[in-house]
There are 2 protein chains.
Amino acid sequence: MATDFFNKHRDTLDQAVTAIGTREFWTPHPEMPSPRVYGDNAAAEGEAAFEAYKNSDFPLDQPGAQGTTGAELSPFGGSLGVRYPRVPVQTLVEQSGKALETWRKGGPQQWVGVCMEILQRLNQRSFEMAHAVQHTTGQGFMMAFQAGGPHAQDRGMEAVAYAWQDMSRIPGLVTWEKPQGKHDPIRMDKRFTVVPRGIGLIIGCTTFPTWNSYPGLFADLATGNTVIVKPHPGAILPLAITVAIARDVLAEAGFDPNVVQLAAHEAQDDTAQELALNPAVRLIDFTGSSANGNWIEQHARQALVYTEKAGVNQIIIDSADDIKAVARNLAFSFALYSGQMCTAPQNVYVPRDGIRTADGTLGFDEVAKALGDAVAKLVSDPARAVQITGAVQNEATAARIDQARDLGMTILHDSQPLPHPDFPDARTLSPLVMATTADHADIYQEWFGPIVFVVATDSTEHSIQLARDTVIKHGALTLSAYSTDNQVTEQIQDAAEQAGVSLSLNLTGAVFINQTAAFSDFHGTGANPAANAALSDTAYVSNRYRVVQTRWHV
Amino acid sequence: MATDFFNKHRDTLDQAVTAIGTREFWTPHPEMPSPRVYGDNAAAEGEAAFEAYKNSDFPLDQPGAQGTTGAELSPFGGSLGVRYPRVPVQTLVEQSGKALETWRKGGPQQWVGVCMEILQRLNQRSFEMAHAVQHTTGQGFMMAFQAGGPHAQDRGMEAVAYAWQDMSRIPGLVTWEKPQGKHDPIRMDKRFTVVPRGIGLIIGCTTFPTWNSYPGLFADLATGNTVIVKPHPGAILPLAITVAIARDVLAEAGFDPNVVQLAAHEAQDDTAQELALNPAVRLIDFTGSSANGNWIEQHARQALVYTEKAGVNQIIIDSADDIKAVARNLAFSFALYSGQMCTAPQNVYVPRDGIRTADGTLGFDEVAKALGDAVAKLVSDPARAVQITGAVQNEATAARIDQARDLGMTILHDSQPLPHPDFPDARTLSPLVMATTADHADIYQEWFGPIVFVVATDSTEHSIQLARDTVIKHGALTLSAYSTDNQVTEQIQDAAEQAGVSLSLNLTGAVFINQTAAFSDFHGTGANPAANAALSDTAYVSNRYRVVQTRWHV
């Protein structure tokens with residue numbers, strides 16, 4: 001049964017393994033919410049499914065529940081009212097440990113087959129997921145569809161492909177024959193069995209509940225571990241749908257559905273800590289704040305811990321043919337999902353003496369103004385702008401904008417509410433863009449949200465030094481640079497390699513620094529404080545399983 | 001120049017990569033100290049080279065030294081009198097960081113080429129190394145040659161093969177082309193650069209200074225990291241020779257020799273701790289006691305830490321056709337290098353009601369007696385026995401035998417000095433074998449050295465439960481079992497997979513539980529407290545480097 005899933009998806013799996021090797025463009029999950037791809041009724045059915053969840057008990061048949069929990073609020077207004085089963089930590093762990101016993105024996109093909117089937121069903125329900133993601137994260141619908149659906153599925157499958165590639169290199173049964181000169185050789189048979197680490201814990205975030213959780217979830221599952229998925233209390237629904245689908249597939253494959261469980265809990269309780277410190281939890285994937293991520297790294301010593309935390313993403317502007325093209329691209333990056341992305345740029349370094357362009361030297365103030373103007377233009381039609389900005393997920397981010405405004409810098413574009421045509425109560429805000437100098441210490445920390453500092457530096461060399469040192473000290477997921485000078489871009493590339501941060505050069509078109517493509521771009525490097533792993537590579541999967549061998553004479 | 005090393009060794013490297021996949025027998029390093037393989041003069045030259053080190057300054061051109069250190073004593077008698085440069089920790093780290101800058105840019109082919117050349121030169125000097133290993137560890141000459149030379153080189157090359165296999169899957173330059181329906185596709189070029197973590201620290205042990213250090217040393221080097229090799233003060237010479245060879249090759253390849261440095265230091269000083277906690281040290285490979293290994297895991301939070309610590313290795317005897325064949329094999333395992341192996345068996349579980357054999361049931365006492373008798377027979381010719389036992393490396397191990405004798409158990413074979421024909425002052429001892437019961441709590445801790453407990457259990461089921469629980473709680477590198485019943489061996493295999501320990505079944509011939517073959521057997525699993533990694537697999541190398549990408553529009 002489960003082996004059927006493996007063979008059913010074998011072609012796609014093989015293509016995925018090829019893709020992670022070539023790193024050329026590939027995806028089995030179309031990113032356009034088109035009826036031609038997803039079916040004529042997919043959009044309507046997805047919306048209906050989402051609406052049916054509201055003010056109801058979420059249909060999750062998970063044993064051991066003691067009452068329900070759930071108090072999600074849509075950043076576009078209103079309460080979702082979905083109630084999720086609340087299962088005590090000890091029950092979750094016991095059920096997971098019990099499920100592990102049979103799941104462990106399934107072996108790589110069954111683990112991977114189940115993963116591939118879950119991903120396919122998730123893909124089919126991308127519209128439903130889009131609504132769930134939109135109304136928990138505040139993402140605009142198109143972004144919620146893409147990042148919450150196909151792009152998240154891509155990242156999940158990428159982890160499965162790495163896991164399969166690595167595990168399939170372990171032979172099953174081998175005959176080992178050691179020559180003994182004139183005597184008969186020594187002959188032994190050896191069996192190599194892939195075994196899981198144990199129970200995996202996935203700690204989700206509010207902004208990308210699926211995209212950031214799927215790599216760890218599928219890396220754990222594909223290597224035979226059981227999984228407890230702990231969503232952020234502010235964004236439970238997307239992961240509840242995911243867990244429900246996973247449990248269906250597991251049951252059909254003849255496994256205990258408790259291989260995947262949901263740990264919905266109340267805001268501010270200690271479920272995360274309790275789970276993270278449980279001795280049976282051997283793997284933890286965390287996305288969230290540096291404070292919480294560092295706490296887990298420090299205290300959950302019984303587990304392998306993979307964290308994506310905060311960083312200060314930076315842009316170096318050295319020179320450019322067309323500053324307007326640069327500013328257009330950056331304005332979109334500043335506005336996209338209101339900067340609530342771990343990849344969103346924050347500090348833009350520009351030499352105080354200005355930059356070279358095709359039209360001659362442009363002063364710092366002119367560059368800064370061009371950036372402010374590009375943002376103003378982008379948000380000039382609020383009905384269009386809110387499709388890009390979406391809504392601010394929580395009050396803390398809105399408050400952070402006010403706090404940034406109080407830093408007393410020169411405001412290039414002030415943040416303002418953007419009336420939403422469909423959701424009058426949506427918490428929508430345009431980016432705050434301000435000019436400052438490199439000696440302003442406050443800019444070398446993360447200001448999560450649509451907050452941008454255009455920073456006057458002594459020179460491009462100074463910009464590079466600031467960028468490198470900030471990555472090393474505070475971490476970053478992205479570095480972007482603009483230069484028409486090959487020597488400068490080489491210097492910047494060297495700094496990026498030293499600091500361990502991925503670099504984008506001269507983005508002026510339809511690719512934005514915030515975005516990475518699974519199967520081609522690594523997300524994060526694991527080489528600076530922003531994240532201790534990359535999504536995804538061999539290192540992300542290869543330690544989640546172990547090999548136990550048995551040998552005997554033939 | 002360095003690329004020449006890569007191409008020079010390309011064929012061997014390709015064979016090594018094939019070998020880690022098939023896990024069939026393969027080695028490029030012949031284990032027999034034969035003149036036909038190593039040359040007619042190799043033995044004499046090796047001995048002469050070793051003798052020349054004695055009572056001299058070791059020829060290591062390493063900058064920053066402040067005086068010398070070195071007080072090695074041969075377990076076969078006498079002081080070596082070799083003096084090594086003593087370089088302060090801060091100087092070592094600064095020199096390593098500086099060397100990293102150019103080494104980092106060498107890239108995978110140069111890193112791997114340099115590693116392969118070092119390994120070849122180490123192989124050529126296997127006789128010299130054998131003497132150095134013998135007179136620091138106490139191993140007999142043959143074992144010192146094999147484990148200190150070819151087998152250690154195998155383990156080093158195995159790590160290089162895994163590193164190369166993994167790194168070579170990262171493409172250099174890729175064109176990514178994303179279709180845009182009727183519009184032109186988006187085209188980007190992406191460059192993926194393998195970058196090292198930084199400085200690696202290798203902490204060696206007294207018993208297998210090369211075998212246990214080479215995996216980490218070569219895994220670090222092959223992935224572009226620089227390395228500081230910190231030998232145990234009791235076994236510096238083998239690693240000093242290694243470092244000297246590495247520095248020669250690095251210089252010839254045009255790199256800073258400080259890519260590999262020796263951190264010789266005084267016994268009982270805090271060099272290990274100081275190095276382990278240095279913020280620039282990003283990788284640590286440790287072999288030694290659980291106390292020290294756990295300390296490093298707990299405190300060296302800036303580094304990735306790979307540890308091999310202590311465990312309780314166990315044997316389950318359920319049934320056997322020929323108890324004498326079992327006892328012969330085990331007696332050799334007990335005596336080999338006086339049990340000073342992390343793989344040496346300690347607890348032998350036998351049902352108190354006896355076992356089935358081809359000649360009928362054999363009582364517990366008879367099985368226990370067979371084991372004691374086999375040891376007695378093995379050591380009855382001391383001149384031959386000392387070639388197997390070698391000498392006890394340090395007084396603490398000798399004292400531990402006395403301590404074990406005081407436990408008051410039934411002595412099956414008492415430990416006694418074995419006169420050595422060549423070295424009258426050698427610290428040679430035969431194994432102590434005692435009978436006890438499963439409720440004796442002292443047996444569930446490691447008794448490092450030639451100390452064996454034959455343990456009466458309720459039944460084979462009880463034996464399996466004891467073995468599994470002891471692995472999970474205290475760790476183990478090996479589990480061995482004897483049974484003629486397939487159902488029992490399946491139960492034991494399941495227990496081994498649950499506990500995460502490698503299993504050998506019915507060893508009665510020329511393979512011993514203490515021994516593993518690189519390229520085929522994994523050493524350790526990384527799945528129980530004895531070690532947090534296996535030698536070697538993908539997980540052992542894949543996180544030692546990271547990938548930094550740069551992308552731009554074509």
# chains A, B, ... in the order shown; residues from 1 in each chain; ligands from 1

call {"tool": "residues_around", "arguments": {"residues": "stretch 364-372 of chain B", "least_positions_apart": "2", "cutoff": "8 Å", "atoms": "only C-alpha atoms", "output": "PDB file with C-alpha atoms, in the first residue's frame"}}
result
ATOM      1  CA  ILE B 323      31.368 -23.158  22.510  1.00  0.00           C
ATOM      2  CA  LYS B 324      35.118 -23.600  22.061  1.00  0.00           C
ATOM      3  CA  ALA B 327      35.457 -18.819  23.417  1.00  0.00           C
ATOM      4  CA  ARG B 328      38.545 -18.733  21.176  1.00  0.00           C
ATOM      5  CA  LEU B 330      36.157 -13.932  22.440  1.00  0.00           C
ATOM      6  CA  ALA B 331      39.412 -14.621  24.270  1.00  0.00           C
ATOM      7  CA  VAL B 350      24.691 -15.936  29.526  1.00  0.00           C
ATOM      8  CA  PRO B 351      21.387 -17.377  30.822  1.00  0.00           C
ATOM      9  CA  ARG B 352      21.888 -18.844  34.277  1.00  0.00           C
ATOM     10  CA  ASP B 353      20.176 -22.034  33.079  1.00  0.00           C
ATOM     11  CA  GLY B 354      22.763 -22.425  30.372  1.00  0.00           C
ATOM     12  CA  ILE B 355      22.769 -22.482  26.588  1.00  0.00           C
ATOM     13  CA  LEU B 362      25.859 -26.308  28.676  1.00  0.00           C
ATOM     14  CA  ALA B 374      40.264 -19.891  26.374  1.00  0.00           C
ATOM     15  CA  VAL B 375      41.981 -16.815  27.807  1.00  0.00           C
ATOM     16  CA  ALA B 376      44.354 -18.997  29.808  1.00  0.00           C
ATOM     17  CA  LEU B 412      37.551 -17.149  35.860  1.00  0.00           C
ATOM     18  CA  HIS B 413      40.944 -15.955  34.711  1.00  0.00           C
ATOM     19  CA  VAL B 433      37.688 -12.445  33.476  1.00  0.00           C
ATOM     20  CA  ALA B 435      31.642 -14.190  36.697  1.00  0.00           C
ATOM     21  CA  VAL B 454      30.482 -12.965  32.434  1.00  0.00           C
ATOM     22  CA  ALA B 456      24.289 -14.725  34.610  1.00  0.00           C
TER      23      ALA B 456
END

call {"tool": "residues_around", "arguments": {"residues": "stretch 464-475 of chain A", "least_positions_apart": "6", "cutoff": "9 Å", "atoms": "only C-alpha atoms", "output": "JSON, numbers by chain"}}
result
{"A": [309, 310, 311, 312, 313, 314, 315, 316, 347, 349, 438, 444, 445, 446, 457, 491, 492, 495, 496, 498, 499, 500, 501, 527, 528, 529, 530, 531]}

call {"tool": "write_last_selection", "arguments": {"atoms": "N, CA and C atoms", "output": "PDB file, in the first residue's frame"}}
result
ATOM      1  N   LYS A 309      16.399  32.113  12.642  1.00  0.00           N
ATOM      2  CA  LYS A 309      16.107  33.188  13.573  1.00  0.00           C
ATOM      3  C   LYS A 309      16.096  34.532  12.831  1.00  0.00           C
ATOM      4  N   ALA A 310      16.544  35.577  13.476  1.00  0.00           N
ATOM      5  CA  ALA A 310      16.473  36.906  12.867  1.00  0.00           C
ATOM      6  C   ALA A 310      17.831  37.338  12.331  1.00  0.00           C
ATOM      7  N   GLY A 311      17.815  38.314  11.470  1.00  0.00           N
ATOM      8  CA  GLY A 311      19.055  38.862  10.949  1.00  0.00           C
ATOM      9  C   GLY A 311      18.820  40.266  10.440  1.00  0.00           C
ATOM     10  N   VAL A 312      19.891  40.893   9.980  1.00  0.00           N
ATOM     11  CA  VAL A 312      19.813  42.234   9.401  1.00  0.00           C
ATOM     12  C   VAL A 312      20.202  42.104   7.934  1.00  0.00           C
ATOM     13  N   ASN A 313      19.213  42.161   7.063  1.00  0.00           N
ATOM     14  CA  ASN A 313      19.510  42.032   5.640  1.00  0.00           C
ATOM     15  C   ASN A 313      19.921  43.379   5.060  1.00  0.00           C
ATOM     16  N   GLN A 314      20.860  43.337   4.112  1.00  0.00           N
ATOM     17  CA  GLN A 314      21.507  44.575   3.707  1.00  0.00           C
ATOM     18  C   GLN A 314      21.644  44.697   2.196  1.00  0.00           C
ATOM     19  N   ILE A 315      21.745  45.947   1.765  1.00  0.00           N
ATOM     20  CA  ILE A 315      21.922  46.249   0.349  1.00  0.00           C
ATOM     21  C   ILE A 315      23.078  47.242   0.219  1.00  0.00           C
ATOM     22  N   ILE A 316      23.962  46.939  -0.705  1.00  0.00           N
ATOM     23  CA  ILE A 316      25.070  47.854  -1.002  1.00  0.00           C
ATOM     24  C   ILE A 316      24.797  48.474  -2.368  1.00  0.00           C
ATOM     25  N   ASN A 347      18.802  47.546   5.697  1.00  0.00           N
ATOM     26  CA  ASN A 347      19.808  48.613   5.593  1.00  0.00           C
ATOM     27  C   ASN A 347      20.308  48.740   4.154  1.00  0.00           C
ATOM     28  N   TYR A 349      23.114  50.662   2.050  1.00  0.00           N
ATOM     29  CA  TYR A 349      24.321  51.474   2.200  1.00  0.00           C
ATOM     30  C   TYR A 349      24.644  52.215   0.902  1.00  0.00           C
ATOM     31  N   ALA A 438      25.995  55.830   9.122  1.00  0.00           N
ATOM     32  CA  ALA A 438      26.489  54.511   9.519  1.00  0.00           C
ATOM     33  C   ALA A 438      26.780  54.422  11.017  1.00  0.00           C
ATOM     34  N   TYR A 444      21.810  48.381  13.416  1.00  0.00           N
ATOM     35  CA  TYR A 444      22.453  47.069  13.322  1.00  0.00           C
ATOM     36  C   TYR A 444      21.732  46.013  14.160  1.00  0.00           C
ATOM     37  N   GLN A 445      20.431  46.175  14.275  1.00  0.00           N
ATOM     38  CA  GLN A 445      19.603  45.130  14.865  1.00  0.00           C
ATOM     39  C   GLN A 445      18.416  44.959  13.932  1.00  0.00           C
ATOM     40  N   GLU A 446      17.714  43.853  14.069  1.00  0.00           N
ATOM     41  CA  GLU A 446      16.586  43.644  13.170  1.00  0.00           C
ATOM     42  C   GLU A 446      15.399  44.509  13.562  1.00  0.00           C
ATOM     43  N   THR A 457      27.443  56.082   3.945  1.00  0.00           N
ATOM     44  CA  THR A 457      28.725  55.506   4.373  1.00  0.00           C
ATOM     45  C   THR A 457      29.882  56.332   3.808  1.00  0.00           C
ATOM     46  N   GLN A 491      34.817  41.935  -4.985  1.00  0.00           N
ATOM     47  CA  GLN A 491      35.084  42.237  -3.565  1.00  0.00           C
ATOM     48  C   GLN A 491      33.871  41.883  -2.703  1.00  0.00           C
ATOM     49  N   ILE A 492      32.705  42.240  -3.217  1.00  0.00           N
ATOM     50  CA  ILE A 492      31.480  41.985  -2.443  1.00  0.00           C
ATOM     51  C   ILE A 492      31.241  40.476  -2.340  1.00  0.00           C
ATOM     52  N   ALA A 495      33.438  39.143   0.279  1.00  0.00           N
ATOM     53  CA  ALA A 495      32.915  39.470   1.617  1.00  0.00           C
ATOM     54  C   ALA A 495      31.736  38.566   1.965  1.00  0.00           C
ATOM     55  N   ALA A 496      30.876  38.297   0.986  1.00  0.00           N
ATOM     56  CA  ALA A 496      29.714  37.433   1.222  1.00  0.00           C
ATOM     57  C   ALA A 496      30.170  36.018   1.585  1.00  0.00           C
ATOM     58  N   GLN A 498      33.086  35.203   2.895  1.00  0.00           N
ATOM     59  CA  GLN A 498      33.702  35.259   4.225  1.00  0.00           C
ATOM     60  C   GLN A 498      32.642  35.260   5.322  1.00  0.00           C
ATOM     61  N   ALA A 499      31.598  36.065   5.117  1.00  0.00           N
ATOM     62  CA  ALA A 499      30.570  36.213   6.149  1.00  0.00           C
ATOM     63  C   ALA A 499      29.557  35.076   6.087  1.00  0.00           C
ATOM     64  N   GLY A 500      29.494  34.380   4.941  1.00  0.00           N
ATOM     65  CA  GLY A 500      28.539  33.278   4.821  1.00  0.00           C
ATOM     66  C   GLY A 500      27.118  33.746   4.595  1.00  0.00           C
ATOM     67  N   VAL A 501      26.921  34.585   3.585  1.00  0.00           N
ATOM     68  CA  VAL A 501      25.561  35.042   3.272  1.00  0.00           C
ATOM     69  C   VAL A 501      25.380  35.017   1.759  1.00  0.00           C
ATOM     70  N   ALA A 527      25.676  29.567   7.957  1.00  0.00           N
ATOM     71  CA  ALA A 527      27.050  29.982   8.271  1.00  0.00           C
ATOM     72  C   ALA A 527      27.103  31.325   8.981  1.00  0.00           C
ATOM     73  N   ASN A 528      25.960  31.884   9.327  1.00  0.00           N
ATOM     74  CA  ASN A 528      25.962  33.126  10.110  1.00  0.00           C
ATOM     75  C   ASN A 528      24.828  33.039  11.125  1.00  0.00           C
ATOM     76  N   PRO A 529      24.790  33.975  12.109  1.00  0.00           N
ATOM     77  CA  PRO A 529      23.856  33.791  13.230  1.00  0.00           C
ATOM     78  C   PRO A 529      22.369  33.778  12.870  1.00  0.00           C
ATOM     79  N   ALA A 530      21.989  34.118  11.645  1.00  0.00           N
ATOM     80  CA  ALA A 530      20.559  34.167  11.313  1.00  0.00           C
ATOM     81  C   ALA A 530      19.926  32.787  11.261  1.00  0.00           C
ATOM     82  N   ALA A 531      20.716  31.768  10.949  1.00  0.00           N
ATOM     83  CA  ALA A 531      20.169  30.414  10.809  1.00  0.00           C
ATOM     84  C   ALA A 531      21.314  29.441  10.967  1.00  0.00           C
TER      85      ALA A 531
END

call {"tool": "atom_distance", "arguments": {"atom1": "atom CA of A:Met409", "atom2": "atom CA of A:Pro345"}}
result
17.9 Å

call {"tool": "select_by_dssp", "arguments": {"residues": "stretch 17-183 of chain B", "states": "strand (DSSP E)", "output": "list of chain:residue names"}}
result
B:Thr68, B:Thr69, B:Tyr84, B:Pro85, B:Leu173, B:Val174, B:Thr175, B:Trp176, B:Glu177, B:Lys178, B:Pro179, B:Gln180, B:His183

call {"tool": "write_last_selection", "arguments": {"atoms": "C-alpha atoms", "output": "PDB file, in the first residue's frame"}}
result
ATOM      1  CA  THR B  68      59.371  23.075  23.783  1.00  0.00           C
ATOM      2  CA  THR B  69      57.288  20.449  25.516  1.00  0.00           C
ATOM      3  CA  TYR B  84      58.007  19.521  20.375  1.00  0.00           C
ATOM      4  CA  PRO B  85      57.575  23.245  19.736  1.00  0.00           C
ATOM      5  CA  LEU B 173      27.858  27.995 -12.342  1.00  0.00           C
ATOM      6  CA  VAL B 174      24.238  27.356 -13.299  1.00  0.00           C
ATOM      7  CA  THR B 175      21.834  29.127 -15.619  1.00  0.00           C
ATOM      8  CA  TRP B 176      18.330  29.237 -14.178  1.00  0.00           C
ATOM      9  CA  GLU B 177      15.517  29.897 -16.590  1.00  0.00           C
ATOM     10  CA  LYS B 178      11.980  30.321 -15.302  1.00  0.00           C
ATOM     11  CA  PRO B 179       9.238  30.170 -17.949  1.00  0.00           C
ATOM     12  CA  GLN B 180       6.851  33.151 -18.066  1.00  0.00           C
ATOM     13  CA  HIS B 183       6.727  36.200 -22.281  1.00  0.00           C
TER      14      HIS B 183
END

call {"tool": "closest_residue", "arguments": {"among": "A:Ser338, A:Gln124, A:Asn514, A:Thr27", "to": "chain B", "atoms": "only C-alpha atoms"}}
result
A:Thr27

call {"tool": "residues_around", "arguments": {"residues": "A:Pro238", "least_positions_apart": "6", "cutoff": "10 Å", "atoms": "only C-alpha atoms", "output": "list in words"}}
result
Glu128, Met129, Ala130, His131, Ala132, Val133, Gln134, His135, Thr136, Thr137, Gly148, Gly149, Phe208, Pro209, Thr210 and Pro231 of chain A

call {"tool": "atom_distance", "arguments": {"atom1": "atom CA of A:Asp256", "atom2": "atom CA of A:Leu119"}}
result
18.5 Å

call {"tool": "closest_residue", "arguments": {"among": "A:Pro185, A:Pro431, A:Gly77, A:Gly200", "to": "chain B", "atoms": "only C-alpha atoms"}}
result
A:Pro185

call {"tool": "closest_atom_pairs", "arguments": {"of": "chain A", "to": "chain B", "cutoff": "8 Å", "atoms": "only C-alpha atoms", "output": "JSON lines"}}
result
{"residue": "A:Gly21", "atom": "CA", "partner": "B:Arg169", "partner_atom": "CA", "distance": 6.0}
{"residue": "A:Thr22", "atom": "CA", "partner": "B:Pro171", "partner_atom": "CA", "distance": 6.6}
{"residue": "A:Arg23", "atom": "CA", "partner": "B:Val174", "partner_atom": "CA", "distance": 6.9}
{"residue": "A:Glu24", "atom": "CA", "partner": "B:Trp176", "partner_atom": "CA", "distance": 4.9}
{"residue": "A:Phe25", "atom": "CA", "partner": "B:Trp176", "partner_atom": "CA", "distance": 5.4}
{"residue": "A:Asp166", "atom": "CA", "partner": "B:Thr538", "partner_atom": "CA", "distance": 7.7}
{"residue": "A:Arg169", "atom": "CA", "partner": "B:Gly21", "partner_atom": "CA", "distance": 6.0}
{"residue": "A:Ile170", "atom": "CA", "partner": "B:Gly21", "partner_atom": "CA", "distance": 6.8}
{"residue": "A:Pro171", "atom": "CA", "partner": "B:Thr22", "partner_atom": "CA", "distance": 6.6}
{"residue": "A:Val174", "atom": "CA", "partner": "B:Glu24", "partner_atom": "CA", "distance": 6.7}
{"residue": "A:Thr175", "atom": "CA", "partner": "B:Glu24", "partner_atom": "CA", "distance": 6.5}
{"residue": "A:Trp176", "atom": "CA", "partner": "B:Glu24", "partner_atom": "CA", "distance": 4.8}
{"residue": "A:Glu177", "atom": "CA", "partner": "B:Phe25", "partner_atom": "CA", "distance": 5.8}
{"residue": "A:Lys178", "atom": "CA", "partner": "B:Phe25", "partner_atom": "CA", "distance": 5.9}
{"residue": "A:Ile186", "atom": "CA", "partner": "B:Ala510", "partner_atom": "CA", "distance": 7.5}
{"residue": "A:Thr193", "atom": "CA", "partner": "B:Glu497", "partner_atom": "CA", "distance": 7.7}
{"residue": "A:Val195", "atom": "CA", "partner": "B:Glu497", "partner_atom": "CA", "distance": 6.7}
{"residue": "A:Arg197", "atom": "CA", "partner": "B:Ala527", "partner_atom": "CA", "distance": 7.1}
{"residue": "A:Gln493", "atom": "CA", "partner": "B:Thr550", "partner_atom": "CA", "distance": 7.2}
{"residue": "A:Ala496", "atom": "CA", "partner": "B:Val548", "partner_atom": "CA", "distance": 7.4}
{"residue": "A:Glu497", "atom": "CA", "partner": "B:Val548", "partner_atom": "CA", "distance": 5.9}
{"residue": "A:Gln498", "atom": "CA", "partner": "B:Val195", "partner_atom": "CA", "distance": 7.9}
{"residue": "A:Gly500", "atom": "CA", "partner": "B:Val548", "partner_atom": "CA", "distance": 6.1}
{"residue": "A:Val501", "atom": "CA", "partner": "B:Val548", "partner_atom": "CA", "distance": 6.1}
{"residue": "A:Ser502", "atom": "CA", "partner": "B:Gln549", "partner_atom": "CA", "distance": 5.0}
{"residue": "A:Leu503", "atom": "CA", "partner": "B:Thr550", "partner_atom": "CA", "distance": 4.6}
{"residue": "A:Ser504", "atom": "CA", "partner": "B:Arg551", "partner_atom": "CA", "distance": 4.9}
{"residue": "A:Leu505", "atom": "CA", "partner": "B:Trp552", "partner_atom": "CA", "distance": 5.0}
{"residue": "A:Asn506", "atom": "CA", "partner": "B:Trp552", "partner_atom": "CA", "distance": 6.4}
{"residue": "A:Leu507", "atom": "CA", "partner": "B:Trp552", "partner_atom": "CA", "distance": 6.8}
{"residue": "A:Ala510", "atom": "CA", "partner": "B:Ile186", "partner_atom": "CA", "distance": 7.5}
{"residue": "A:Ser520", "atom": "CA", "partner": "B:Trp176", "partner_atom": "CA", "distance": 7.8}
{"residue": "A:Asp521", "atom": "CA", "partner": "B:Gln549", "partner_atom": "CA", "distance": 7.7}
{"residue": "A:Phe522", "atom": "CA", "partner": "B:Gln549", "partner_atom": "CA", "distance": 7.6}
{"residue": "A:Thr525", "atom": "CA", "partner": "B:Val547", "partner_atom": "CA", "distance": 6.3}
{"residue": "A:Gly526", "atom": "CA", "partner": "B:Arg546", "partner_atom": "CA", "distance": 7.0}
{"residue": "A:Ala527", "atom": "CA", "partner": "B:Arg546", "partner_atom": "CA", "distance": 6.5}
{"residue": "A:Thr538", "atom": "CA", "partner": "B:Ser542", "partner_atom": "CA", "distance": 6.3}
{"residue": "A:Ala539", "atom": "CA", "partner": "B:Ser542", "partner_atom": "CA", "distance": 4.9}
{"residue": "A:Ser542", "atom": "CA", "partner": "B:Ala539", "partner_atom": "CA", "distance": 4.9}
{"residue": "A:Asn543", "atom": "CA", "partner": "B:Ala539", "partner_atom": "CA", "distance": 5.1}
{"residue": "A:Arg546", "atom": "CA", "partner": "B:Thr525", "partner_atom": "CA", "distance": 6.3}
{"residue": "A:Val547", "atom": "CA", "partner": "B:Thr525", "partner_atom": "CA", "distance": 6.3}
{"residue": "A:Val548", "atom": "CA", "partner": "B:Ser502", "partner_atom": "CA", "distance": 5.2}
{"residue": "A:Gln549", "atom": "CA", "partner": "B:Ser502", "partner_atom": "CA", "distance": 5.0}
{"residue": "A:Thr550", "atom": "CA", "partner": "B:Leu503", "partner_atom": "CA", "distance": 4.6}
{"residue": "A:Arg551", "atom": "CA", "partner": "B:Ser504", "partner_atom": "CA", "distance": 4.9}
{"residue": "A:Trp552", "atom": "CA", "partner": "B:Leu505", "partner_atom": "CA", "distance": 5.0}
{"residue": "A:His553", "atom": "CA", "partner": "B:Leu507", "partner_atom": "CA", "distance": 7.1}

call {"tool": "residues_around", "arguments": {"residues": "A:Gly70", "least_positions_apart": "3", "cutoff": "9 Å", "atoms": "only C-alpha atoms", "output": "PyMOL selection string"}}
result
chain A and resi 80-85+233-234+236+264-267

call {"tool": "write_last_selection", "arguments": {"atoms": "C-alpha atoms", "output": "short mmCIF file (atom, residue, chain, number, x, y, z; two decimals), in the first residue's frame"}}
result
data_model
loop_
_atom_site.label_atom_id
_atom_site.label_comp_id
_atom_site.auth_asym_id
_atom_site.auth_seq_id
_atom_site.Cartn_x
_atom_site.Cartn_y
_atom_site.Cartn_z
CA LEU A 80 -11.62 32.82 12.71
CA GLY A 81 -13.25 30.99 15.59
CA VAL A 82 -11.72 27.62 14.69
CA ARG A 83 -11.39 25.23 17.65
CA TYR A 84 -8.58 22.65 17.65
CA PRO A 85 -8.18 19.61 19.88
CA PRO A 233 -1.18 30.11 18.32
CA GLY A 234 -1.66 32.93 15.83
CA ILE A 236 -2.71 27.22 13.54
CA ALA A 264 -2.27 23.36 19.22
CA HIS A 265 -1.99 25.36 22.42
CA GLU A 266 -2.88 28.65 24.09
CA ALA A 267 -0.78 31.75 23.48
#

call {"tool": "select_by_dssp", "arguments": {"residues": "stretch 413-515 of chain B", "states": "alpha helix (DSSP H)", "output": "number ranges by chain"}}
result
B: 460-474, 486-499

call {"tool": "closest_residue", "arguments": {"among": "B:Ile451, B:Val305, B:Ala441, B:Ala144", "to": "B:Gln403", "atoms": "only C-alpha atoms"}}
result
B:Ile451
